[in-house]
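Undergrad: Pasting my_file06.cif below, which is mmCIF, N, CA and C atoms.
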```
data_final
#
loop_
_atom_site.label_atom_id
_atom_site.label_comp_id
_atom_site.auth_asym_id
_atom_site.auth_seq_id
_atom_site.Cartn_x
_atom_site.Cartn_y
_atom_site.Cartn_z
N MET D 1 28.49 -23.96 10.41
CA MET D 1 28.12 -22.92 11.33
C MET D 1 26.62 -22.95 11.56
N ILE D 2 26.20 -22.87 12.79
CA ILE D 2 24.77 -22.89 13.12
C ILE D 2 24.23 -21.47 13.10
N GLN D 3 23.16 -21.28 12.38
CA GLN D 3 22.50 -19.98 12.32
C GLN D 3 21.43 -19.94 13.41
N LEU D 4 21.05 -18.74 13.81
CA LEU D 4 20.03 -18.61 14.85
C LEU D 4 18.69 -19.17 14.42
N THR D 5 18.42 -19.17 13.12
CA THR D 5 17.14 -19.67 12.62
C THR D 5 17.19 -21.15 12.27
N GLN D 6 18.37 -21.74 12.36
CA GLN D 6 18.51 -23.15 12.00
C GLN D 6 17.92 -24.04 13.10
N LYS D 7 17.16 -25.05 12.67
CA LYS D 7 16.56 -25.98 13.62
C LYS D 7 17.61 -26.93 14.16
N THR D 8 17.38 -27.41 15.36
CA THR D 8 18.26 -28.41 15.95
C THR D 8 17.82 -29.80 15.51
N ALA D 9 18.67 -30.79 15.71
CA ALA D 9 18.33 -32.17 15.36
C ALA D 9 17.06 -32.63 16.09
N PRO D 10 16.90 -32.37 17.40
CA PRO D 10 15.65 -32.78 18.06
C PRO D 10 14.41 -32.09 17.49
N GLN D 11 14.55 -30.84 17.07
CA GLN D 11 13.40 -30.14 16.48
C GLN D 11 13.02 -30.76 15.13
N ILE D 12 14.01 -31.10 14.34
CA ILE D 12 13.75 -31.73 13.04
C ILE D 12 13.10 -33.09 13.26
N ALA D 13 13.61 -33.87 14.21
CA ALA D 13 13.03 -35.19 14.51
C ALA D 13 11.59 -35.05 14.96
N GLU D 14 11.31 -34.06 15.78
CA GLU D 14 9.93 -33.84 16.24
C GLU D 14 9.03 -33.47 15.07
N ASP D 15 9.50 -32.58 14.20
CA ASP D 15 8.71 -32.19 13.03
C ASP D 15 8.37 -33.39 12.15
N ILE D 16 9.36 -34.25 11.93
CA ILE D 16 9.14 -35.43 11.09
C ILE D 16 8.13 -36.36 11.77
N ALA D 17 8.30 -36.59 13.06
CA ALA D 17 7.37 -37.47 13.79
C ALA D 17 5.94 -36.93 13.73
N LEU D 18 5.79 -35.62 13.86
CA LEU D 18 4.45 -35.03 13.80
C LEU D 18 3.85 -35.15 12.40
N ARG D 19 4.67 -35.00 11.36
CA ARG D 19 4.15 -35.17 10.00
C ARG D 19 3.75 -36.61 9.73
N VAL D 20 4.53 -37.55 10.22
CA VAL D 20 4.18 -38.97 10.05
C VAL D 20 2.88 -39.27 10.78
N GLN D 21 2.77 -38.77 12.01
CA GLN D 21 1.55 -38.99 12.79
C GLN D 21 0.34 -38.41 12.06
N LYS D 22 0.49 -37.24 11.47
CA LYS D 22 -0.60 -36.62 10.71
C LYS D 22 -1.00 -37.50 9.52
N ARG D 23 -0.02 -38.00 8.77
CA ARG D 23 -0.33 -38.88 7.63
C ARG D 23 -1.02 -40.16 8.09
N ARG D 24 -0.55 -40.71 9.21
CA ARG D 24 -1.17 -41.92 9.75
C ARG D 24 -2.64 -41.67 10.06
N LYS D 25 -2.92 -40.56 10.70
CA LYS D 25 -4.30 -40.24 11.07
C LYS D 25 -5.16 -39.93 9.85
N GLU D 26 -4.57 -39.29 8.82
CA GLU D 26 -5.31 -39.03 7.58
C GLU D 26 -5.75 -40.32 6.92
N ARG D 27 -4.95 -41.37 7.09
CA ARG D 27 -5.26 -42.68 6.51
C ARG D 27 -6.06 -43.56 7.47
N HIS D 28 -6.47 -42.98 8.58
CA HIS D 28 -7.29 -43.67 9.58
C HIS D 28 -6.63 -44.95 10.08
N LEU D 29 -5.33 -44.86 10.35
CA LEU D 29 -4.58 -46.00 10.86
C LEU D 29 -4.24 -45.77 12.33
N THR D 30 -4.31 -46.82 13.12
CA THR D 30 -3.83 -46.73 14.49
C THR D 30 -2.31 -46.90 14.47
N GLN D 31 -1.67 -46.60 15.59
CA GLN D 31 -0.24 -46.83 15.70
C GLN D 31 0.08 -48.30 15.45
N SER D 32 -0.73 -49.16 16.02
CA SER D 32 -0.52 -50.60 15.87
C SER D 32 -0.66 -51.04 14.42
N GLU D 33 -1.67 -50.53 13.74
CA GLU D 33 -1.89 -50.90 12.33
C GLU D 33 -0.73 -50.44 11.45
N LEU D 34 -0.26 -49.22 11.67
CA LEU D 34 0.85 -48.72 10.85
C LEU D 34 2.13 -49.47 11.17
N SER D 35 2.38 -49.75 12.43
CA SER D 35 3.61 -50.48 12.77
C SER D 35 3.59 -51.87 12.12
N THR D 36 2.45 -52.52 12.12
CA THR D 36 2.33 -53.84 11.48
C THR D 36 2.53 -53.72 9.97
N LYS D 37 1.87 -52.75 9.36
CA LYS D 37 1.99 -52.55 7.91
C LYS D 37 3.43 -52.24 7.50
N ALA D 38 4.15 -51.51 8.36
CA ALA D 38 5.53 -51.12 8.06
C ALA D 38 6.54 -52.20 8.43
N GLY D 39 6.13 -53.16 9.24
CA GLY D 39 7.07 -54.17 9.69
C GLY D 39 8.02 -53.65 10.76
N VAL D 40 7.51 -52.72 11.55
CA VAL D 40 8.27 -52.11 12.64
C VAL D 40 7.56 -52.49 13.94
N SER D 41 8.30 -52.77 14.99
CA SER D 41 7.64 -53.15 16.24
C SER D 41 6.78 -52.00 16.74
N PHE D 42 5.70 -52.36 17.41
CA PHE D 42 4.80 -51.36 17.96
C PHE D 42 5.53 -50.45 18.93
N ALA D 43 6.40 -51.03 19.77
CA ALA D 43 7.15 -50.23 20.75
C ALA D 43 8.04 -49.20 20.05
N SER D 44 8.68 -49.59 18.96
CA SER D 44 9.53 -48.65 18.22
C SER D 44 8.70 -47.53 17.62
N TYR D 45 7.56 -47.90 17.05
CA TYR D 45 6.72 -46.86 16.45
C TYR D 45 6.18 -45.91 17.51
N LYS D 46 5.73 -46.45 18.62
CA LYS D 46 5.20 -45.62 19.70
C LYS D 46 6.28 -44.67 20.23
N ARG D 47 7.50 -45.17 20.39
CA ARG D 47 8.62 -44.33 20.84
C ARG D 47 8.87 -43.21 19.83
N PHE D 48 8.73 -43.52 18.55
CA PHE D 48 8.92 -42.51 17.51
C PHE D 48 7.93 -41.36 17.67
N GLU D 49 6.67 -41.67 17.85
CA GLU D 49 5.67 -40.60 18.00
C GLU D 49 5.84 -39.85 19.33
N GLN D 50 6.25 -40.55 20.38
CA GLN D 50 6.34 -39.91 21.69
C GLN D 50 7.68 -39.22 21.93
N LYS D 51 8.78 -39.89 21.56
CA LYS D 51 10.11 -39.36 21.87
C LYS D 51 10.90 -38.96 20.63
N HIS D 52 10.31 -39.19 19.46
CA HIS D 52 10.89 -38.80 18.17
C HIS D 52 12.21 -39.53 17.89
N GLU D 53 12.30 -40.78 18.34
CA GLU D 53 13.49 -41.59 18.15
C GLU D 53 13.13 -42.83 17.34
N ILE D 54 13.91 -43.06 16.26
CA ILE D 54 13.69 -44.25 15.43
C ILE D 54 14.92 -44.46 14.55
N SER D 55 15.16 -45.69 14.17
CA SER D 55 16.28 -45.94 13.26
C SER D 55 15.92 -45.45 11.87
N PHE D 56 16.93 -45.14 11.10
CA PHE D 56 16.70 -44.66 9.74
C PHE D 56 16.00 -45.73 8.90
N GLY D 57 16.41 -46.98 9.08
CA GLY D 57 15.78 -48.07 8.35
C GLY D 57 14.30 -48.20 8.66
N SER D 58 13.94 -48.06 9.92
CA SER D 58 12.53 -48.12 10.31
C SER D 58 11.75 -46.93 9.77
N LEU D 59 12.39 -45.77 9.73
CA LEU D 59 11.72 -44.59 9.17
C LEU D 59 11.42 -44.81 7.69
N ILE D 60 12.34 -45.42 6.99
CA ILE D 60 12.10 -45.72 5.57
C ILE D 60 10.94 -46.70 5.42
N LYS D 61 10.89 -47.72 6.25
CA LYS D 61 9.78 -48.69 6.20
C LYS D 61 8.44 -48.00 6.45
N ILE D 62 8.41 -47.07 7.39
CA ILE D 62 7.18 -46.33 7.68
C ILE D 62 6.79 -45.47 6.48
N ALA D 63 7.77 -44.82 5.87
CA ALA D 63 7.50 -44.00 4.68
C ALA D 63 6.91 -44.86 3.56
N ILE D 64 7.46 -46.04 3.37
CA ILE D 64 6.94 -46.95 2.34
C ILE D 64 5.50 -47.35 2.66
N ALA D 65 5.24 -47.68 3.92
CA ALA D 65 3.89 -48.08 4.32
C ALA D 65 2.88 -46.96 4.11
N LEU D 66 3.35 -45.71 4.18
CA LEU D 66 2.46 -44.56 3.98
C LEU D 66 2.52 -44.04 2.54
N ASP D 67 3.19 -44.76 1.64
CA ASP D 67 3.37 -44.34 0.25
C ASP D 67 4.03 -42.97 0.15
N MET D 68 5.01 -42.74 1.03
CA MET D 68 5.71 -41.46 1.06
C MET D 68 7.21 -41.62 0.79
N GLU D 69 7.62 -42.78 0.31
CA GLU D 69 9.06 -43.04 0.15
C GLU D 69 9.73 -42.09 -0.86
N LYS D 70 8.96 -41.55 -1.78
CA LYS D 70 9.55 -40.63 -2.76
C LYS D 70 10.08 -39.36 -2.09
N ASP D 71 9.60 -39.04 -0.90
CA ASP D 71 10.10 -37.87 -0.19
C ASP D 71 11.59 -37.99 0.11
N PHE D 72 12.09 -39.22 0.22
CA PHE D 72 13.51 -39.41 0.48
C PHE D 72 14.37 -39.08 -0.73
N GLU D 73 13.79 -39.11 -1.93
CA GLU D 73 14.56 -38.84 -3.14
C GLU D 73 15.10 -37.42 -3.18
N SER D 74 14.43 -36.49 -2.53
CA SER D 74 14.89 -35.11 -2.54
C SER D 74 15.88 -34.80 -1.41
N LEU D 75 16.07 -35.75 -0.51
CA LEU D 75 17.00 -35.55 0.60
C LEU D 75 18.42 -35.47 0.07
N PHE D 76 19.07 -34.35 0.27
CA PHE D 76 20.44 -34.08 -0.17
C PHE D 76 20.59 -34.12 -1.69
N ALA D 77 19.53 -33.97 -2.44
CA ALA D 77 19.59 -34.08 -3.89
C ALA D 77 20.09 -32.79 -4.56
N THR D 78 19.82 -31.66 -3.96
CA THR D 78 20.21 -30.39 -4.55
C THR D 78 21.64 -30.04 -4.16
N PRO D 79 22.51 -29.88 -5.14
CA PRO D 79 23.90 -29.53 -4.80
C PRO D 79 23.98 -28.14 -4.18
N GLN D 80 24.87 -27.99 -3.22
CA GLN D 80 25.10 -26.71 -2.57
C GLN D 80 26.45 -26.17 -3.01
N PHE D 81 26.47 -24.93 -3.48
CA PHE D 81 27.70 -24.32 -3.97
C PHE D 81 28.09 -23.16 -3.08
N SER D 82 29.40 -23.03 -2.85
CA SER D 82 29.91 -21.90 -2.06
C SER D 82 30.18 -20.69 -2.95
N THR D 83 30.54 -20.97 -4.20
CA THR D 83 30.86 -19.88 -5.12
C THR D 83 30.23 -20.16 -6.47
N ILE D 84 30.16 -19.13 -7.28
CA ILE D 84 29.63 -19.29 -8.64
C ILE D 84 30.58 -20.14 -9.49
N GLU D 85 31.88 -20.08 -9.17
CA GLU D 85 32.84 -20.90 -9.89
C GLU D 85 32.57 -22.39 -9.67
N GLU D 86 32.21 -22.76 -8.44
CA GLU D 86 31.88 -24.16 -8.14
C GLU D 86 30.66 -24.58 -8.95
N MET D 87 29.70 -23.71 -9.08
CA MET D 87 28.49 -24.04 -9.84
C MET D 87 28.83 -24.28 -11.31
N PHE D 88 29.65 -23.40 -11.90
CA PHE D 88 30.02 -23.57 -13.31
C PHE D 88 30.88 -24.81 -13.50
N ALA D 89 31.76 -25.10 -12.56
CA ALA D 89 32.60 -26.30 -12.64
C ALA D 89 31.74 -27.55 -12.60
N SER D 90 30.71 -27.52 -11.78
CA SER D 90 29.80 -28.66 -11.67
C SER D 90 29.02 -28.88 -12.96
N GLU D 91 28.62 -27.79 -13.59
CA GLU D 91 27.87 -27.89 -14.85
C GLU D 91 28.73 -28.49 -15.95
N LYS D 92 30.04 -28.22 -15.93
CA LYS D 92 30.94 -28.77 -16.95
C LYS D 92 31.12 -30.26 -16.79
N ASN D 93 31.03 -30.74 -15.57
CA ASN D 93 31.19 -32.18 -15.31
C ASN D 93 29.90 -32.84 -15.58
#
```
Any chance you could put this one into structure tokens?
TA:
Amino acid sequence: MIQLTQKTAPQIAEDIALRVQKRRKERHLTQSELSTKAGVSFASYKRFEQKHEISFGSLIKIAIALDMEKDFESLFATPQFSTIEEMFASEKN
């Protein structure tokens, strides 16, 4: 169920692209330099910053190039429980 405060997929993609762009600029890298360092085509990287579209594999390469790959470790890492019984059952396993 979508909540009124829940972000849409395009909004999340834009937020990620803006954070990557910020990290790139903090490291004083051009788009071309980061795309080369990540092993991603310049056109793909440019499209990512402009249109927020990129393959998951390329996003991982960019994260590695920016020394941010550990951020992926927390993705879906926290279990979500519907009831307290589910939480206790999970702890027993």
Undergrad: So that I can see what lies close to Arg23 (chain D), please list as a list in words the residues with an atom at most 12 Å from it, counting only C-alpha atoms and leaving out residues fewer than 3 positions away in the same chain.
TA: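 Here the qualifying residues turn out to be Ile16, Ala17, Leu18, Arg19, Val20, Glu26, Arg27, His28, Leu29, Thr30, Gln31, Leu34, Ile62, Ala63, Ala65, Leu66, Asp67 and Met68 of chain D.
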Undergrad: What is the CA of Lys37 (chain D)-CA of Ile60 (chain D) distance in Å, reported with one decimal?
TA: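 These two atoms are separated by 12.4 Å.
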Undergrad: Please give the complete set of residues from chain D that DSSP, run on the backbone, assigns to alpha helix (DSSP H), formatted as a PyMOL selection string.
TA: chain D and resi 9-26+31-38+42-51+56-65+84-92
Undergrad: Interatomic distance between CA of Ser32 (chain D) and CA of Glu69 (chain D)?
TA: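 Rounded to one decimal, the two atoms are 19.9 Å apart.
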Undergrad: Choose the residue, out of D:Phe88, D:Ser35, D:Ser82, D:Glu73, that has the smallest atom-to-atom separation from Phe48 (chain D); count only C-alpha atoms.
TA: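 Ranking D:Phe88, D:Ser35, D:Ser82, D:Glu73 by distance to Phe48 (chain D), first place goes to D:Ser35.
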Undergrad: Could you tell me how far atom C of Glu91 (chain D) lies from atom C of Pro79 (chain D), in Å and to one decimal?
TA: 12.7 Å
Undergrad: Do a neighbour search on Ser55 (chain D) at 12 Å with only C-alpha atoms, toss out local chain neighbours closer than 3 positions, and write the hits as a list of chain:residue names.
TA: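 Near neighbours after the sequence-gap exclusion: D:Ala13, D:Val40, D:Ser41, D:Ser44, D:Tyr45, D:Arg47, D:Phe48, D:His52, D:Ser58, D:Leu59, D:Ile60, D:Lys61, D:Ile62.
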Undergrad: At the level of N, CA, C and O atoms, write region 65-86 of chain D to a file as an mmCIF file, in the first residue's frame, please.
TA:
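Output contents, as saved in decode_11.cif:
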```
data_model
loop_
_atom_site.group_PDB
_atom_site.id
_atom_site.type_symbol
_atom_site.label_atom_id
_atom_site.label_comp_id
_atom_site.auth_asym_id
_atom_site.auth_seq_id
_atom_site.Cartn_x
_atom_site.Cartn_y
_atom_site.Cartn_z
ATOM 1 N N ALA D 65 33.637 3.101 -7.100
ATOM 2 C CA ALA D 65 34.581 4.148 -7.495
ATOM 3 C C ALA D 65 34.594 5.304 -6.499
ATOM 4 O O ALA D 65 35.613 5.972 -6.335
ATOM 5 N N LEU D 66 33.466 5.520 -5.824
ATOM 6 C CA LEU D 66 33.375 6.595 -4.833
ATOM 7 C C LEU D 66 33.618 6.088 -3.405
ATOM 8 O O LEU D 66 33.430 6.830 -2.441
ATOM 9 N N ASP D 67 34.038 4.826 -3.262
ATOM 10 C CA ASP D 67 34.252 4.202 -1.953
ATOM 11 C C ASP D 67 32.987 4.249 -1.094
ATOM 12 O O ASP D 67 33.035 4.464 0.112
ATOM 13 N N MET D 68 31.842 4.023 -1.740
ATOM 14 C CA MET D 68 30.558 4.064 -1.047
ATOM 15 C C MET D 68 29.822 2.725 -1.126
ATOM 16 O O MET D 68 28.647 2.645 -0.804
ATOM 17 N N GLU D 69 30.509 1.672 -1.547
ATOM 18 C CA GLU D 69 29.834 0.391 -1.760
ATOM 19 C C GLU D 69 29.226 -0.197 -0.481
ATOM 20 O O GLU D 69 28.266 -0.953 -0.527
ATOM 21 N N LYS D 70 29.755 0.179 0.663
ATOM 22 C CA LYS D 70 29.209 -0.342 1.922
ATOM 23 C C LYS D 70 27.777 0.131 2.147
ATOM 24 O O LYS D 70 27.035 -0.498 2.903
ATOM 25 N N ASP D 71 27.372 1.205 1.496
ATOM 26 C CA ASP D 71 25.992 1.678 1.629
ATOM 27 C C ASP D 71 24.995 0.633 1.138
ATOM 28 O O ASP D 71 23.855 0.594 1.599
ATOM 29 N N PHE D 72 25.416 -0.230 0.218
ATOM 30 C CA PHE D 72 24.528 -1.265 -0.286
ATOM 31 C C PHE D 72 24.285 -2.367 0.747
ATOM 32 O O PHE D 72 23.291 -3.076 0.669
ATOM 33 N N GLU D 73 25.183 -2.509 1.716
ATOM 34 C CA GLU D 73 25.039 -3.563 2.718
ATOM 35 C C GLU D 73 23.794 -3.381 3.582
ATOM 36 O O GLU D 73 23.225 -4.344 4.074
ATOM 37 N N SER D 74 23.347 -2.147 3.749
ATOM 38 C CA SER D 74 22.170 -1.902 4.573
ATOM 39 C C SER D 74 20.862 -1.980 3.779
ATOM 40 O O SER D 74 19.786 -1.992 4.365
ATOM 41 N N LEU D 75 20.965 -2.100 2.468
ATOM 42 C CA LEU D 75 19.779 -2.186 1.627
ATOM 43 C C LEU D 75 19.037 -3.488 1.908
ATOM 44 O O LEU D 75 19.592 -4.577 1.749
ATOM 45 N N PHE D 76 17.824 -3.400 2.378
ATOM 46 C CA PHE D 76 16.968 -4.543 2.720
ATOM 47 C C PHE D 76 17.543 -5.406 3.840
ATOM 48 O O PHE D 76 17.151 -6.551 3.989
ATOM 49 N N ALA D 77 18.449 -4.892 4.636
ATOM 50 C CA ALA D 77 19.093 -5.684 5.674
ATOM 51 C C ALA D 77 18.234 -5.831 6.938
ATOM 52 O O ALA D 77 18.318 -6.828 7.629
ATOM 53 N N THR D 78 17.422 -4.848 7.227
ATOM 54 C CA THR D 78 16.610 -4.872 8.430
ATOM 55 C C THR D 78 15.312 -5.621 8.167
ATOM 56 O O THR D 78 14.550 -5.235 7.290
ATOM 57 N N PRO D 79 15.064 -6.690 8.917
ATOM 58 C CA PRO D 79 13.820 -7.429 8.701
ATOM 59 C C PRO D 79 12.603 -6.590 9.096
ATOM 60 O O PRO D 79 12.670 -5.815 10.053
ATOM 61 N N GLN D 80 11.534 -6.741 8.345
ATOM 62 C CA GLN D 80 10.288 -6.039 8.627
ATOM 63 C C GLN D 80 9.270 -7.051 9.140
ATOM 64 O O GLN D 80 9.044 -8.071 8.505
ATOM 65 N N PHE D 81 8.661 -6.761 10.277
ATOM 66 C CA PHE D 81 7.695 -7.666 10.881
ATOM 67 C C PHE D 81 6.318 -7.026 10.891
ATOM 68 O O PHE D 81 6.186 -5.832 11.157
ATOM 69 N N SER D 82 5.303 -7.851 10.630
ATOM 70 C CA SER D 82 3.916 -7.374 10.679
ATOM 71 C C SER D 82 3.347 -7.484 12.081
ATOM 72 O O SER D 82 2.497 -6.698 12.486
ATOM 73 N N THR D 83 3.832 -8.475 12.819
ATOM 74 C CA THR D 83 3.322 -8.692 14.168
ATOM 75 C C THR D 83 4.480 -8.985 15.109
ATOM 76 O O THR D 83 5.583 -9.339 14.681
ATOM 77 N N ILE D 84 4.206 -8.878 16.385
ATOM 78 C CA ILE D 84 5.219 -9.199 17.391
ATOM 79 C C ILE D 84 5.529 -10.696 17.389
ATOM 80 O O ILE D 84 6.657 -11.110 17.652
ATOM 81 N N GLU D 85 4.529 -11.508 17.024
ATOM 82 C CA GLU D 85 4.748 -12.942 16.928
ATOM 83 C C GLU D 85 5.784 -13.283 15.854
ATOM 84 O O GLU D 85 6.636 -14.156 16.046
ATOM 85 N N GLU D 86 5.722 -12.570 14.727
ATOM 86 C CA GLU D 86 6.712 -12.783 13.656
ATOM 87 C C GLU D 86 8.104 -12.427 14.162
ATOM 88 O O GLU D 86 9.076 -13.114 13.833
#
```
